[in-house]
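To keep things clear, I will list the structure first and then write my remarks on it.
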Amino acid sequence: MTAEPPRDCPLCPRLVAYRRENQRQNPDWWNGPAPSFGDPQARLLVTGLAPGRTGANRTGRPFTGDGAGVILYETLLKTGFATGAYDARPDDGLTLVDCLITNAVRCAPPGNKPLPVEEATCRPFLVNRLAALPRLKVIVTLGDVSRRNVLKALGLPASAAPPGHGVEANVGGYTLLNSYHCSRLNTNTGRLTPAMFEAIFQRARAIMDT
Ligand code: SF4
């Protein structure tokens, strides 16, 4: 397995069926595994859960086109991990700097909820994604499913880095820095504020620069 699945990856029957249903309904959408986006020499990896149906599943770029992408890309621009401007399109010219974004599960799941077996089936791509970043120092995990999957990809138990916003742990030679997911649900309810999210990436910068 490589770090990036093929466009027609057949490994998860339920997600392949969902992909085909989306292809039938919206043939002009991406409708495939969302490729990782950013700098292949990045020291910072941001790991989400899975593509949103009308976000990365539609546009083909992680977090692009859905509500979570607005705060994520604005925060990356503000903290120097991106240049250009985010315009919710893969051709908006936005460039990530020393940062790469991926998802624990690469295909959009119904209801944004992958099954444990789908997380496990897609995990080798995450393992290889981590291994293919020679300068990696910090992994920002967005939400608990991402945290658990990164730990499993590193061969560690979920207890190796406890849940919670701002929790950090040394794992497999990297620093894992956990954040609440930047979903609309969390940002609209104030569970995750722009300042809280920005602090995560400022902390990532500080760790990278030590
Ligand atoms: S979720 Fe991952 S393993 Fe499953 S079909 Fe998509 S790319 Fe393949």
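Naming scheme: A, B, ... for chains in displayed order of the structure tokens; residues 1 onward per chain; ligands 1 onward as shown.
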May I have the residues within 9 Å of ligand 1, computed using only C-alpha atoms and all ligand atoms, as a PDB file with N, CA, C and O atoms, in the first residue's frame?
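To be explicit, this is the file written out as result-v8.pdb:
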```pdb
ATOM      1  N   GLU A   4      -1.151   7.162  -0.519  1.00  0.00           N
ATOM      2  CA  GLU A   4      -2.381   7.706  -1.091  1.00  0.00           C
ATOM      3  C   GLU A   4      -3.148   6.595  -1.805  1.00  0.00           C
ATOM      4  O   GLU A   4      -2.584   5.911  -2.671  1.00  0.00           O
ATOM      5  N   PRO A   5      -4.415   6.388  -1.474  1.00  0.00           N
ATOM      6  CA  PRO A   5      -5.184   5.327  -2.129  1.00  0.00           C
ATOM      7  C   PRO A   5      -5.476   5.686  -3.591  1.00  0.00           C
ATOM      8  O   PRO A   5      -5.506   6.860  -3.954  1.00  0.00           O
ATOM      9  N   PRO A   6      -5.723   4.657  -4.407  1.00  0.00           N
ATOM     10  CA  PRO A   6      -6.141   4.939  -5.784  1.00  0.00           C
ATOM     11  C   PRO A   6      -7.528   5.572  -5.813  1.00  0.00           C
ATOM     12  O   PRO A   6      -8.321   5.392  -4.889  1.00  0.00           O
ATOM     13  N   ARG A   7      -7.804   6.286  -6.859  1.00  0.00           N
ATOM     14  CA  ARG A   7      -9.079   7.007  -6.991  1.00  0.00           C
ATOM     15  C   ARG A   7     -10.286   6.071  -6.861  1.00  0.00           C
ATOM     16  O   ARG A   7     -11.333   6.455  -6.370  1.00  0.00           O
ATOM     17  N   ASP A   8     -10.098   4.813  -7.308  1.00  0.00           N
ATOM     18  CA  ASP A   8     -11.217   3.858  -7.265  1.00  0.00           C
ATOM     19  C   ASP A   8     -10.994   2.782  -6.200  1.00  0.00           C
ATOM     20  O   ASP A   8     -11.395   1.637  -6.383  1.00  0.00           O
ATOM     21  N   CYS A   9     -10.359   3.160  -5.107  1.00  0.00           N
ATOM     22  CA  CYS A   9     -10.049   2.174  -4.050  1.00  0.00           C
ATOM     23  C   CYS A   9     -11.300   1.349  -3.709  1.00  0.00           C
ATOM     24  O   CYS A   9     -12.348   1.891  -3.366  1.00  0.00           O
ATOM     25  N   PRO A  10     -11.176   0.015  -3.778  1.00  0.00           N
ATOM     26  CA  PRO A  10     -12.361  -0.846  -3.605  1.00  0.00           C
ATOM     27  C   PRO A  10     -12.511  -1.460  -2.220  1.00  0.00           C
ATOM     28  O   PRO A  10     -13.370  -2.320  -2.028  1.00  0.00           O
ATOM     29  N   LEU A  11     -11.711  -1.035  -1.236  1.00  0.00           N
ATOM     30  CA  LEU A  11     -11.552  -1.835  -0.021  1.00  0.00           C
ATOM     31  C   LEU A  11     -12.715  -1.775   0.971  1.00  0.00           C
ATOM     32  O   LEU A  11     -12.849  -2.660   1.796  1.00  0.00           O
ATOM     33  N   CYS A  12     -13.513  -0.714   0.937  1.00  0.00           N
ATOM     34  CA  CYS A  12     -14.622  -0.610   1.907  1.00  0.00           C
ATOM     35  C   CYS A  12     -15.960  -0.644   1.159  1.00  0.00           C
ATOM     36  O   CYS A  12     -16.386   0.379   0.605  1.00  0.00           O
ATOM     37  N   PRO A  13     -16.621  -1.791   1.151  1.00  0.00           N
ATOM     38  CA  PRO A  13     -17.830  -1.933   0.322  1.00  0.00           C
ATOM     39  C   PRO A  13     -18.898  -0.868   0.597  1.00  0.00           C
ATOM     40  O   PRO A  13     -19.502  -0.335  -0.336  1.00  0.00           O
ATOM     41  N   ARG A  14     -19.131  -0.555   1.863  1.00  0.00           N
ATOM     42  CA  ARG A  14     -20.184   0.426   2.175  1.00  0.00           C
ATOM     43  C   ARG A  14     -19.803   1.817   1.632  1.00  0.00           C
ATOM     44  O   ARG A  14     -20.643   2.540   1.091  1.00  0.00           O
ATOM     45  N   LEU A  15     -18.545   2.182   1.762  1.00  0.00           N
ATOM     46  CA  LEU A  15     -18.113   3.501   1.296  1.00  0.00           C
ATOM     47  C   LEU A  15     -18.040   3.552  -0.230  1.00  0.00           C
ATOM     48  O   LEU A  15     -18.301   4.594  -0.837  1.00  0.00           O
ATOM     49  N   VAL A  16     -17.718   2.427  -0.843  1.00  0.00           N
ATOM     50  CA  VAL A  16     -17.715   2.376  -2.312  1.00  0.00           C
ATOM     51  C   VAL A  16     -19.153   2.534  -2.825  1.00  0.00           C
ATOM     52  O   VAL A  16     -19.416   3.266  -3.786  1.00  0.00           O
ATOM     53  N   GLY A  32     -14.415  10.430  -4.648  1.00  0.00           N
ATOM     54  CA  GLY A  32     -13.368   9.420  -4.494  1.00  0.00           C
ATOM     55  C   GLY A  32     -12.602   9.712  -3.221  1.00  0.00           C
ATOM     56  O   GLY A  32     -12.901  10.678  -2.510  1.00  0.00           O
ATOM     57  N   PRO A  33     -11.602   8.889  -2.911  1.00  0.00           N
ATOM     58  CA  PRO A  33     -10.772   9.187  -1.734  1.00  0.00           C
ATOM     59  C   PRO A  33     -10.149  10.576  -1.890  1.00  0.00           C
ATOM     60  O   PRO A  33      -9.626  10.901  -2.958  1.00  0.00           O
ATOM     61  N   ALA A  34     -10.218  11.384  -0.841  1.00  0.00           N
ATOM     62  CA  ALA A  34      -9.644  12.733  -0.918  1.00  0.00           C
ATOM     63  C   ALA A  34      -8.135  12.641  -0.708  1.00  0.00           C
ATOM     64  O   ALA A  34      -7.688  12.160   0.340  1.00  0.00           O
ATOM     65  N   ALA A  50     -12.714  12.329   8.210  1.00  0.00           N
ATOM     66  CA  ALA A  50     -13.042  11.784   6.892  1.00  0.00           C
ATOM     67  C   ALA A  50     -13.633  12.924   6.063  1.00  0.00           C
ATOM     68  O   ALA A  50     -14.133  13.904   6.617  1.00  0.00           O
ATOM     69  N   ALA A 104      -8.062  10.498   8.446  1.00  0.00           N
ATOM     70  CA  ALA A 104      -7.876   9.127   8.932  1.00  0.00           C
ATOM     71  C   ALA A 104      -8.572   8.130   8.021  1.00  0.00           C
ATOM     72  O   ALA A 104      -8.084   7.029   7.787  1.00  0.00           O
ATOM     73  N   VAL A 105      -9.736   8.508   7.505  1.00  0.00           N
ATOM     74  CA  VAL A 105     -10.490   7.703   6.540  1.00  0.00           C
ATOM     75  C   VAL A 105     -10.630   8.569   5.296  1.00  0.00           C
ATOM     76  O   VAL A 105     -11.081   9.709   5.381  1.00  0.00           O
ATOM     77  N   ARG A 106     -10.247   8.030   4.152  1.00  0.00           N
ATOM     78  CA  ARG A 106     -10.129   8.899   2.969  1.00  0.00           C
ATOM     79  C   ARG A 106     -11.408   9.064   2.164  1.00  0.00           C
ATOM     80  O   ARG A 106     -11.484   9.944   1.309  1.00  0.00           O
ATOM     81  N   CYS A 107     -12.379   8.181   2.385  1.00  0.00           N
ATOM     82  CA  CYS A 107     -13.634   8.297   1.630  1.00  0.00           C
ATOM     83  C   CYS A 107     -14.735   8.837   2.530  1.00  0.00           C
ATOM     84  O   CYS A 107     -14.756   8.559   3.735  1.00  0.00           O
ATOM     85  N   ALA A 108     -15.651   9.590   1.936  1.00  0.00           N
ATOM     86  CA  ALA A 108     -16.767  10.151   2.692  1.00  0.00           C
ATOM     87  C   ALA A 108     -17.658   9.023   3.210  1.00  0.00           C
ATOM     88  O   ALA A 108     -18.081   8.161   2.442  1.00  0.00           O
ATOM     89  N   PRO A 109     -17.962   9.030   4.511  1.00  0.00           N
ATOM     90  CA  PRO A 109     -18.892   8.041   5.054  1.00  0.00           C
ATOM     91  C   PRO A 109     -20.294   8.637   5.191  1.00  0.00           C
ATOM     92  O   PRO A 109     -20.437   9.842   5.452  1.00  0.00           O
ATOM     93  N   PRO A 114     -17.616   6.998   9.953  1.00  0.00           N
ATOM     94  CA  PRO A 114     -17.051   5.740   9.459  1.00  0.00           C
ATOM     95  C   PRO A 114     -17.239   4.636  10.492  1.00  0.00           C
ATOM     96  O   PRO A 114     -17.313   4.902  11.694  1.00  0.00           O
ATOM     97  N   GLU A 118     -13.962   0.286   8.816  1.00  0.00           N
ATOM     98  CA  GLU A 118     -13.485   1.170   7.737  1.00  0.00           C
ATOM     99  C   GLU A 118     -12.251   1.963   8.197  1.00  0.00           C
ATOM    100  O   GLU A 118     -11.312   2.176   7.420  1.00  0.00           O
ATOM    101  N   GLU A 119     -12.271   2.370   9.457  1.00  0.00           N
ATOM    102  CA  GLU A 119     -11.069   3.046   9.995  1.00  0.00           C
ATOM    103  C   GLU A 119      -9.875   2.092   9.906  1.00  0.00           C
ATOM    104  O   GLU A 119      -8.774   2.483   9.506  1.00  0.00           O
ATOM    105  N   ALA A 120     -10.098   0.846  10.290  1.00  0.00           N
ATOM    106  CA  ALA A 120      -9.003  -0.136  10.279  1.00  0.00           C
ATOM    107  C   ALA A 120      -8.531  -0.427   8.857  1.00  0.00           C
ATOM    108  O   ALA A 120      -7.331  -0.556   8.598  1.00  0.00           O
ATOM    109  N   THR A 121      -9.486  -0.511   7.925  1.00  0.00           N
ATOM    110  CA  THR A 121      -9.121  -0.842   6.545  1.00  0.00           C
ATOM    111  C   THR A 121      -8.326   0.286   5.902  1.00  0.00           C
ATOM    112  O   THR A 121      -7.401   0.055   5.121  1.00  0.00           O
ATOM    113  N   CYS A 122      -8.657   1.524   6.243  1.00  0.00           N
ATOM    114  CA  CYS A 122      -7.966   2.667   5.641  1.00  0.00           C
ATOM    115  C   CYS A 122      -6.662   3.011   6.382  1.00  0.00           C
ATOM    116  O   CYS A 122      -5.855   3.781   5.870  1.00  0.00           O
ATOM    117  N   ARG A 123      -6.465   2.435   7.543  1.00  0.00           N
ATOM    118  CA  ARG A 123      -5.324   2.853   8.391  1.00  0.00           C
ATOM    119  C   ARG A 123      -3.957   2.653   7.738  1.00  0.00           C
ATOM    120  O   ARG A 123      -3.062   3.483   7.943  1.00  0.00           O
ATOM    121  N   PRO A 124      -3.758   1.594   6.949  1.00  0.00           N
ATOM    122  CA  PRO A 124      -2.435   1.469   6.307  1.00  0.00           C
ATOM    123  C   PRO A 124      -2.059   2.697   5.473  1.00  0.00           C
ATOM    124  O   PRO A 124      -0.872   3.038   5.379  1.00  0.00           O
ATOM    125  N   PHE A 125      -3.040   3.377   4.893  1.00  0.00           N
ATOM    126  CA  PHE A 125      -2.708   4.603   4.149  1.00  0.00           C
ATOM    127  C   PHE A 125      -2.213   5.684   5.104  1.00  0.00           C
ATOM    128  O   PHE A 125      -1.305   6.445   4.777  1.00  0.00           O
TER     129      PHE A 125
END
```
Return as a ChimeraX atom specification the full set of residues in segment 37-196 of chain A whose backbone-based DSSP assignment is strand (DSSP E).
/A:37-38,44-48,82-83,95-96,99-103,138-142,168-171,174-179
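Around Lys152 of chain A, within 10 Å and counting only C-alpha atoms, the residues found are Ala120, Arg123, Leu126, Val127, Ser146, Ala158 and Ala160 of chain A, once anything fewer than 6 positions away on its own chain is removed.
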For Phe197 of chain A, work out the shell of residues within 10 Å, counting only C-alpha atoms and skipping chain neighbours fewer than 4 positions away, then give it as a list in words.
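Contacts, with the query itself left out: Ile71, Leu72, Thr75, Leu76, His165, Gly166, Ser179, Tyr180, His181, Cys182, Thr187, Leu192, Thr193, Phe201 and Gln202 of chain A.
Note that atom CA of Asn103 of chain A and atom CA of Pro116 of chain A are 14.6 Å apart.
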Within 6 Å of segment 57-59 of chain A, counting only C-alpha atoms, which residues qualify if same-chain residues fewer than 6 places away don't, as a list in words?
Trp29, Trp30, Asn31 and Pro51 of chain A
Can you list, as a compact mmCIF listing (two decimals) with N, CA, C and O atoms, in the first residue's frame, all residues belonging to chain A that DSSP tags as alpha helix (DSSP H)?
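Now in selection.txt:
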```txt
# COMPACT_ATOMS: atom_id res chain seq x y z
N PRO A 13 -16.62 -1.79 1.15
CA PRO A 13 -17.83 -1.93 0.32
C PRO A 13 -18.90 -0.87 0.60
O PRO A 13 -19.50 -0.34 -0.34
N ARG A 14 -19.13 -0.55 1.86
CA ARG A 14 -20.18 0.43 2.18
C ARG A 14 -19.80 1.82 1.63
O ARG A 14 -20.64 2.54 1.09
N LEU A 15 -18.54 2.18 1.76
CA LEU A 15 -18.11 3.50 1.30
C LEU A 15 -18.04 3.55 -0.23
O LEU A 15 -18.30 4.59 -0.84
N VAL A 16 -17.72 2.43 -0.84
CA VAL A 16 -17.72 2.38 -2.31
C VAL A 16 -19.15 2.53 -2.82
O VAL A 16 -19.42 3.27 -3.79
N ALA A 17 -20.11 1.88 -2.15
CA ALA A 17 -21.52 2.02 -2.55
C ALA A 17 -21.98 3.46 -2.40
O ALA A 17 -22.70 4.00 -3.26
N TYR A 18 -21.56 4.10 -1.33
CA TYR A 18 -21.92 5.52 -1.09
C TYR A 18 -21.29 6.42 -2.16
O TYR A 18 -21.92 7.34 -2.67
N ARG A 19 -20.04 6.11 -2.50
CA ARG A 19 -19.33 6.86 -3.55
C ARG A 19 -20.09 6.74 -4.88
O ARG A 19 -20.31 7.72 -5.57
N ARG A 20 -20.53 5.51 -5.17
CA ARG A 20 -21.24 5.29 -6.45
C ARG A 20 -22.59 6.02 -6.46
O ARG A 20 -23.00 6.58 -7.48
N GLU A 21 -23.24 6.00 -5.32
CA GLU A 21 -24.52 6.73 -5.21
C GLU A 21 -24.28 8.23 -5.44
O GLU A 21 -25.02 8.89 -6.17
N ASN A 22 -23.23 8.75 -4.86
CA ASN A 22 -22.90 10.16 -5.06
C ASN A 22 -22.51 10.44 -6.51
O ASN A 22 -22.83 11.50 -7.06
N GLN A 23 -21.81 9.48 -7.12
CA GLN A 23 -21.44 9.64 -8.53
C GLN A 23 -22.68 9.71 -9.41
O GLN A 23 -22.74 10.51 -10.34
N ARG A 24 -23.67 8.87 -9.09
CA ARG A 24 -24.91 8.89 -9.89
C ARG A 24 -25.63 10.22 -9.72
O ARG A 24 -26.09 10.82 -10.69
N GLN A 25 -25.69 10.69 -8.48
CA GLN A 25 -26.45 11.93 -8.21
C GLN A 25 -25.69 13.18 -8.65
O GLN A 25 -26.30 14.17 -9.05
N ALA A 56 -14.81 17.79 0.89
CA ALA A 56 -13.75 17.17 0.10
C ALA A 56 -14.28 16.13 -0.89
O ALA A 56 -13.70 15.93 -1.96
N ASN A 57 -15.37 15.46 -0.55
CA ASN A 57 -15.94 14.50 -1.51
C ASN A 57 -16.45 15.20 -2.77
O ASN A 57 -16.49 14.62 -3.85
N ARG A 58 -16.81 16.45 -2.63
CA ARG A 58 -17.30 17.22 -3.79
C ARG A 58 -16.13 17.87 -4.53
O ARG A 58 -16.05 17.84 -5.75
N THR A 59 -15.19 18.47 -3.76
CA THR A 59 -14.15 19.28 -4.39
C THR A 59 -12.84 18.52 -4.63
O THR A 59 -12.03 18.94 -5.45
N GLY A 67 -18.03 23.75 5.97
CA GLY A 67 -17.91 24.76 7.02
C GLY A 67 -16.61 24.64 7.80
O GLY A 67 -15.99 25.65 8.17
N ALA A 68 -16.18 23.40 8.05
CA ALA A 68 -14.95 23.21 8.84
C ALA A 68 -13.74 23.80 8.13
O ALA A 68 -12.80 24.26 8.78
N GLY A 69 -13.76 23.79 6.81
CA GLY A 69 -12.62 24.29 6.05
C GLY A 69 -12.40 25.78 6.22
O GLY A 69 -11.26 26.26 6.17
N VAL A 70 -13.47 26.52 6.45
CA VAL A 70 -13.35 27.98 6.57
C VAL A 70 -12.45 28.31 7.75
O VAL A 70 -11.44 29.01 7.62
N ILE A 71 -12.77 27.77 8.91
CA ILE A 71 -11.97 28.09 10.10
C ILE A 71 -10.59 27.44 10.01
O ILE A 71 -9.58 28.04 10.40
N LEU A 72 -10.50 26.24 9.45
CA LEU A 72 -9.19 25.58 9.36
C LEU A 72 -8.23 26.40 8.49
O LEU A 72 -7.13 26.74 8.90
N TYR A 73 -8.68 26.73 7.29
CA TYR A 73 -7.76 27.43 6.38
C TYR A 73 -7.50 28.86 6.83
O TYR A 73 -6.38 29.36 6.69
N GLU A 74 -8.50 29.51 7.40
CA GLU A 74 -8.26 30.86 7.93
C GLU A 74 -7.22 30.82 9.06
O GLU A 74 -6.35 31.69 9.15
N THR A 75 -7.30 29.80 9.89
CA THR A 75 -6.35 29.68 11.00
C THR A 75 -4.95 29.35 10.48
O THR A 75 -3.96 29.89 10.97
N LEU A 76 -4.86 28.49 9.48
CA LEU A 76 -3.55 28.17 8.91
C LEU A 76 -2.93 29.40 8.25
O LEU A 76 -1.72 29.63 8.35
N LEU A 77 -3.76 30.21 7.60
CA LEU A 77 -3.25 31.46 7.00
C LEU A 77 -2.74 32.40 8.09
O LEU A 77 -1.68 33.00 7.98
N LYS A 78 -3.51 32.50 9.16
CA LYS A 78 -3.17 33.43 10.25
C LYS A 78 -1.89 33.02 10.97
O LYS A 78 -1.14 33.87 11.46
N PRO A 116 -15.85 1.30 12.57
CA PRO A 116 -14.51 0.90 13.01
C PRO A 116 -13.76 0.06 11.98
O PRO A 116 -12.55 0.22 11.79
N VAL A 117 -14.48 -0.82 11.28
CA VAL A 117 -13.80 -1.66 10.29
C VAL A 117 -13.27 -0.81 9.13
O VAL A 117 -12.21 -1.11 8.55
N GLU A 118 -13.96 0.29 8.82
CA GLU A 118 -13.48 1.17 7.74
C GLU A 118 -12.25 1.96 8.20
O GLU A 118 -11.31 2.18 7.42
N GLU A 119 -12.27 2.37 9.46
CA GLU A 119 -11.07 3.05 9.99
C GLU A 119 -9.87 2.09 9.91
O GLU A 119 -8.77 2.48 9.51
N ALA A 120 -10.10 0.85 10.29
CA ALA A 120 -9.00 -0.14 10.28
C ALA A 120 -8.53 -0.43 8.86
O ALA A 120 -7.33 -0.56 8.60
N THR A 121 -9.49 -0.51 7.92
CA THR A 121 -9.12 -0.84 6.54
C THR A 121 -8.33 0.29 5.90
O THR A 121 -7.40 0.06 5.12
N CYS A 122 -8.66 1.52 6.24
CA CYS A 122 -7.97 2.67 5.64
C CYS A 122 -6.66 3.01 6.38
O CYS A 122 -5.85 3.78 5.87
N ARG A 123 -6.47 2.44 7.54
CA ARG A 123 -5.32 2.85 8.39
C ARG A 123 -3.96 2.65 7.74
O ARG A 123 -3.06 3.48 7.94
N PRO A 124 -3.76 1.59 6.95
CA PRO A 124 -2.44 1.47 6.31
C PRO A 124 -2.06 2.70 5.47
O PRO A 124 -0.87 3.04 5.38
N PHE A 125 -3.04 3.38 4.89
CA PHE A 125 -2.71 4.60 4.15
C PHE A 125 -2.21 5.68 5.10
O PHE A 125 -1.31 6.45 4.78
N LEU A 126 -2.80 5.74 6.30
CA LEU A 126 -2.35 6.72 7.29
C LEU A 126 -0.95 6.35 7.80
O LEU A 126 -0.08 7.22 7.94
N VAL A 127 -0.74 5.06 8.03
CA VAL A 127 0.59 4.59 8.45
C VAL A 127 1.64 5.04 7.42
O VAL A 127 2.69 5.59 7.75
N ASN A 128 1.33 4.80 6.16
CA ASN A 128 2.28 5.14 5.10
C ASN A 128 2.39 6.65 4.91
O ASN A 128 3.45 7.15 4.55
N ARG A 129 1.30 7.36 5.17
CA ARG A 129 1.35 8.82 5.06
C ARG A 129 2.33 9.38 6.10
O ARG A 129 3.15 10.25 5.81
N LEU A 130 2.23 8.87 7.32
CA LEU A 130 3.14 9.30 8.38
C LEU A 130 4.59 8.96 8.02
O LEU A 130 5.49 9.80 8.14
N ALA A 131 4.77 7.75 7.53
CA ALA A 131 6.13 7.29 7.22
C ALA A 131 6.74 8.07 6.05
O ALA A 131 7.96 8.16 5.93
N ASP A 144 -11.65 13.25 18.35
CA ASP A 144 -11.23 12.04 19.04
C ASP A 144 -10.98 10.86 18.12
O ASP A 144 -10.09 10.04 18.36
N VAL A 145 -11.78 10.76 17.05
CA VAL A 145 -11.58 9.64 16.12
C VAL A 145 -10.21 9.79 15.45
O VAL A 145 -9.46 8.81 15.29
N SER A 146 -9.87 11.01 15.10
CA SER A 146 -8.56 11.26 14.51
C SER A 146 -7.44 10.91 15.49
O SER A 146 -6.45 10.25 15.14
N ARG A 147 -7.61 11.35 16.74
CA ARG A 147 -6.59 11.05 17.76
C ARG A 147 -6.36 9.55 17.89
O ARG A 147 -5.23 9.07 17.85
N ARG A 148 -7.45 8.80 18.00
CA ARG A 148 -7.32 7.36 18.18
C ARG A 148 -6.68 6.68 16.96
O ARG A 148 -5.86 5.78 17.08
N ASN A 149 -7.07 7.15 15.78
CA ASN A 149 -6.52 6.54 14.57
C ASN A 149 -5.04 6.83 14.38
O ASN A 149 -4.29 5.96 13.94
N VAL A 150 -4.62 8.05 14.72
CA VAL A 150 -3.19 8.36 14.62
C VAL A 150 -2.41 7.50 15.60
O VAL A 150 -1.36 6.93 15.26
N LEU A 151 -2.92 7.36 16.82
CA LEU A 151 -2.22 6.52 17.80
C LEU A 151 -2.14 5.07 17.31
O LEU A 151 -1.08 4.43 17.39
N LYS A 152 -3.24 4.55 16.78
CA LYS A 152 -3.22 3.18 16.26
C LYS A 152 -2.24 3.06 15.10
O LYS A 152 -1.54 2.05 14.96
N ALA A 153 -2.21 4.08 14.25
CA ALA A 153 -1.28 4.05 13.10
C ALA A 153 0.17 4.04 13.57
O ALA A 153 1.04 3.52 12.87
N ARG A 184 -18.69 22.69 12.17
CA ARG A 184 -19.66 23.76 12.45
C ARG A 184 -20.36 23.52 13.79
O ARG A 184 -20.66 24.46 14.52
N LEU A 185 -20.61 22.24 14.09
CA LEU A 185 -21.28 21.93 15.36
C LEU A 185 -20.47 22.50 16.53
O LEU A 185 -21.02 23.13 17.43
N ASN A 186 -19.17 22.29 16.51
CA ASN A 186 -18.32 22.78 17.61
C ASN A 186 -18.12 24.29 17.55
O ASN A 186 -18.07 24.94 18.60
N THR A 187 -17.97 24.86 16.36
CA THR A 187 -17.70 26.30 16.29
C THR A 187 -18.99 27.11 16.52
O THR A 187 -18.95 28.16 17.15
N ASN A 188 -20.12 26.59 16.05
CA ASN A 188 -21.37 27.33 16.25
C ASN A 188 -21.82 27.33 17.72
O ASN A 188 -22.48 28.25 18.17
N PRO A 194 -12.41 30.54 17.65
CA PRO A 194 -11.25 30.81 16.79
C PRO A 194 -9.96 30.97 17.60
O PRO A 194 -8.90 30.51 17.19
N ALA A 195 -10.05 31.60 18.78
CA ALA A 195 -8.85 31.79 19.60
C ALA A 195 -8.30 30.46 20.11
O ALA A 195 -7.08 30.24 20.12
N MET A 196 -9.20 29.56 20.51
CA MET A 196 -8.74 28.24 20.97
C MET A 196 -8.05 27.48 19.84
O MET A 196 -7.05 26.80 20.05
N PHE A 197 -8.61 27.61 18.65
CA PHE A 197 -8.07 26.87 17.51
C PHE A 197 -6.71 27.46 17.09
O PHE A 197 -5.77 26.73 16.82
N GLU A 198 -6.65 28.77 17.10
CA GLU A 198 -5.41 29.44 16.74
C GLU A 198 -4.29 29.06 17.73
O GLU A 198 -3.13 28.86 17.34
N ALA A 199 -4.65 28.94 18.99
CA ALA A 199 -3.64 28.60 20.01
C ALA A 199 -3.02 27.23 19.74
O ALA A 199 -1.84 27.00 20.04
N ILE A 200 -3.80 26.31 19.18
CA ILE A 200 -3.27 24.99 18.84
C ILE A 200 -2.13 25.13 17.82
O ILE A 200 -1.05 24.53 17.97
N PHE A 201 -2.35 25.94 16.81
CA PHE A 201 -1.34 26.05 15.75
C PHE A 201 -0.16 26.93 16.19
O PHE A 201 0.96 26.72 15.73
N GLN A 202 -0.41 27.85 17.09
CA GLN A 202 0.72 28.60 17.66
C GLN A 202 1.59 27.67 18.51
O GLN A 202 2.81 27.75 18.48
N ARG A 203 0.94 26.80 19.24
CA ARG A 203 1.68 25.82 20.04
C ARG A 203 2.45 24.86 19.12
O ARG A 203 3.61 24.53 19.39
N ALA A 204 1.82 24.43 18.04
CA ALA A 204 2.51 23.55 17.08
C ALA A 204 3.75 24.25 16.55
O ALA A 204 4.83 23.66 16.47
N ARG A 205 3.63 25.51 16.22
CA ARG A 205 4.77 26.29 15.73
C ARG A 205 5.88 26.33 16.78
O ARG A 205 7.05 26.16 16.47
N ALA A 206 5.51 26.58 18.03
CA ALA A 206 6.51 26.67 19.09
C ALA A 206 7.24 25.33 19.25
O ALA A 206 8.47 25.31 19.41
N ILE A 207 6.51 24.23 19.18
CA ILE A 207 7.15 22.91 19.31
C ILE A 207 8.10 22.67 18.13
O ILE A 207 9.23 22.21 18.28
N MET A 208 7.63 23.02 16.93
CA MET A 208 8.44 22.79 15.72
C MET A 208 9.73 23.59 15.76
O MET A 208 10.75 23.17 15.23
```
